[in-house]
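Asks: Supplied in structure tokens, the structure appears directly below.
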Amino acid sequence: MNDEMNELRRRLEAATARDETSENVSDAETSSLRQGWLALGRLLDAAEAPLSDPADRWTLPVARRPHVGRLTVVMLVAASLLVALAGAWLLRDTRPAPGLAPSPDQIASQEKPKPVEAPDRPAVPPPRRAALATAQLQWDDSLDEQLVSAAQAMMSVQQSWDSSAGGFDYVRYGLEQAEDDLQDGKL
Amino acid sequence: MTRPAQDTNEADRFAEWVRQHGRAVRGYLLAMVRRPELADDLAQEVFCRAWQARHRYCERGTARAYLVRIADRLVCSHGRRTRRETTLSEETWKGVEPVSKAEDPLKAVMQAEAAGQLAAALDRLSDVQQRVLLLRYYGQLSFSEIAETIDCPLNTTLSHCRRGLERLRRLLVEEVR
């Protein structure tokens with residue numbers, strides 16, 4: 001069986017050789033097979049549409065940009081919201097009286113900022129007055145306007161925080177209830 | 001080496017690769033799918049895939065064999081459906097491949113006629129026989145490589161080749177006389 005296969009393989013390799021000389025053809029069967037092979041080759045060559053310059057037809061693949069998935073975008077948006085909420089949470093201590101936007105007079109009537117301490121005693125201004133100017137600032141109308149704008153912006157942040165803080169309060173209430181139940185042995 | 005110079009060298013290498021083997025790859029695809037525009041699309045895909053994995057082929061053999069094997073896989077994954085749908089008669093083939101005004105009309109007509117005869121001849125062969133003969137012709141693959149490509153035992157592959165050649169000889173040589 002192996003001999004037959006080897007013999008067939010030898011004939012087919014001779015019949016389908018690219019070299020078109022008859023030196024490879026040694027028997028009638030191989031010659032017959034080669035006739036079929038050459039006829040196929042002539043037909044394939046004749047049927048091919050000519051290519052002017054193959055290099056103009058097919059181009060080098062361009063490196064693809066990394067794909068930003070939808071999940072990645074959602075996570076980025078969620079992270080931005082968390083940062084914004086965290087910032088609002090930090091600013092809630094500096095908010096003015098609820099419902100009232102501080103007027104320039106109110107701001108001006110608040111305790112004036114203390115002068116900067118000597119270097120050996122670092123002065124940490126209380127968070128409530130973080131938005132107020134330091135002793136080094138000169139008060140004028142433009143500064144008042146800036147303070148009003150800043151205060152109104154803080155008010156807006158506070159209002160948006162309040163609208164969303166309800167959920168956190170609810171969660172916090174639930175946690176406190178659970179803690180109480182644990183201590184009372186109900187859970 | 002600066003990046004622009006490296007990109008230029010890569011492009012030159014790719015262009016040279018396409019020049020050397022583009023005709024063979026497209027010829028194989030065109031003979032298998034029978035649609036020039038599809039053959040061009042698949043050829044682009046062949047070169048894209050081959051270029052992206054070009055470092056691997058050096059261990060396996062010649063570049064042409066590598067490319068034609070990729071082309072064969074693409075044809076198989078694309079399916080034989082489009083080829084069967086476009087089994088055309090000679091007249092219909094002329095309609096698909098209209099004579100180009102820019103080229104020599106006589107050559108174009110002869111080319112279309114040959115394409116029709118080729119399609120008719122290949123249709124008389126089985127799918128496997130076509131693959132074996134075309135892989136051998138365009139890819140210059142050894143019979144062992146062909147057997148591996150089509151996932152067939154070697155002796156079966158050799159039988160397919162012999163039967164295909166015998167049938168083609170009857171169709172193209174004996175019947176013409």
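Letters for chains follow the order of the structure tokens (A, B, ...), residue numbers begin at 1 for each chain, and ligand numbers begin at 1 in the order shown.
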Please, which residues in chain B fall within 7 Å of chain A when counting only C-alpha atoms, and what is the closest atom pair and distance in Å to one decimal for each, ordered by chain then residue number, as JSON lines?
Replies:
{"residue": "B:Ala11", "atom": "CA", "partner": "A:Leu60", "partner_atom": "CA", "distance": 6.5}
{"residue": "B:Phe14", "atom": "CA", "partner": "A:Leu60", "partner_atom": "CA", "distance": 6.6}
{"residue": "B:Ala15", "atom": "CA", "partner": "A:Ala55", "partner_atom": "CA", "distance": 5.0}
{"residue": "B:Val18", "atom": "CA", "partner": "A:Ala55", "partner_atom": "CA", "distance": 5.5}
{"residue": "B:Arg19", "atom": "CA", "partner": "A:Pro54", "partner_atom": "CA", "distance": 5.5}
{"residue": "B:Gly22", "atom": "CA", "partner": "A:Pro54", "partner_atom": "CA", "distance": 5.8}
{"residue": "B:Gly27", "atom": "CA", "partner": "A:Glu48", "partner_atom": "CA", "distance": 6.6}
{"residue": "B:Gln44", "atom": "CA", "partner": "A:Trp58", "partner_atom": "CA", "distance": 5.4}
{"residue": "B:Cys48", "atom": "CA", "partner": "A:Pro61", "partner_atom": "CA", "distance": 5.6}
{"residue": "B:Gln111", "atom": "CA", "partner": "A:Ala47", "partner_atom": "CA", "distance": 4.9}
{"residue": "B:Ala112", "atom": "CA", "partner": "A:Ala47", "partner_atom": "CA", "distance": 6.5}
{"residue": "B:Ala114", "atom": "CA", "partner": "A:Ala47", "partner_atom": "CA", "distance": 4.8}
{"residue": "B:Ala115", "atom": "CA", "partner": "A:Ala47", "partner_atom": "CA", "distance": 4.2}
{"residue": "B:Leu118", "atom": "CA", "partner": "A:Leu43", "partner_atom": "CA", "distance": 6.1}
{"residue": "B:Asn155", "atom": "CA", "partner": "A:Met5", "partner_atom": "CA", "distance": 6.2}
{"residue": "B:Leu158", "atom": "CA", "partner": "A:Arg9", "partner_atom": "CA", "distance": 6.6}
{"residue": "B:Leu165", "atom": "CA", "partner": "A:Gly36", "partner_atom": "CA", "distance": 5.0}
{"residue": "B:Glu166", "atom": "CA", "partner": "A:Leu33", "partner_atom": "CA", "distance": 6.1}
{"residue": "B:Leu168", "atom": "CA", "partner": "A:Gly36", "partner_atom": "CA", "distance": 5.2}
{"residue": "B:Arg169", "atom": "CA", "partner": "A:Gly36", "partner_atom": "CA", "distance": 3.9}
{"residue": "B:Leu172", "atom": "CA", "partner": "A:Ala39", "partner_atom": "CA", "distance": 6.3}
Asks: Could you list, as a PyMOL selection string, every residue within 9 Å of B:Ser126, counting only C-alpha atoms and ignoring same-chain residues fewer than 4 positions away?
Replies: chain B and resi 122+130-131+160+164
Asks: Got a sec: who's within 9 Å of B:Leu135, counting only C-alpha atoms, leaving out chain neighbours fewer than 3 positions off, as a PyMOL selection string?
Replies: chain B and resi 28+65+68-69+72+130-132+138-141+146
Asks: Between B:Ala71, B:Asp12, B:Ala24, B:Arg54, which is the closest to B:Asp41 once you count only C-alpha atoms?
Replies: B:Ala71
Asks: Have a look at atom CA of B:Asp123 and atom CA of B:Thr157 and let me know their distance in Å, one decimal.
Replies: 18.6 Å
Asks: Give the helix (DSSP H, G or I) residues of stretch 99-173 of chain B, as assigned by DSSP on the backbone, as number ranges by chain.
Replies: B: 105-123, 127-139, 143-150, 154-173
Asks: Tell me, as a PyMOL selection string, which residues lie within 10 Å of B:Leu29, counting only C-alpha atoms; anything in the same chain fewer than 6 positions away does not count.
Replies: chain B and resi 23+35-36+38-43+46+68+71-72+74-75+134+138
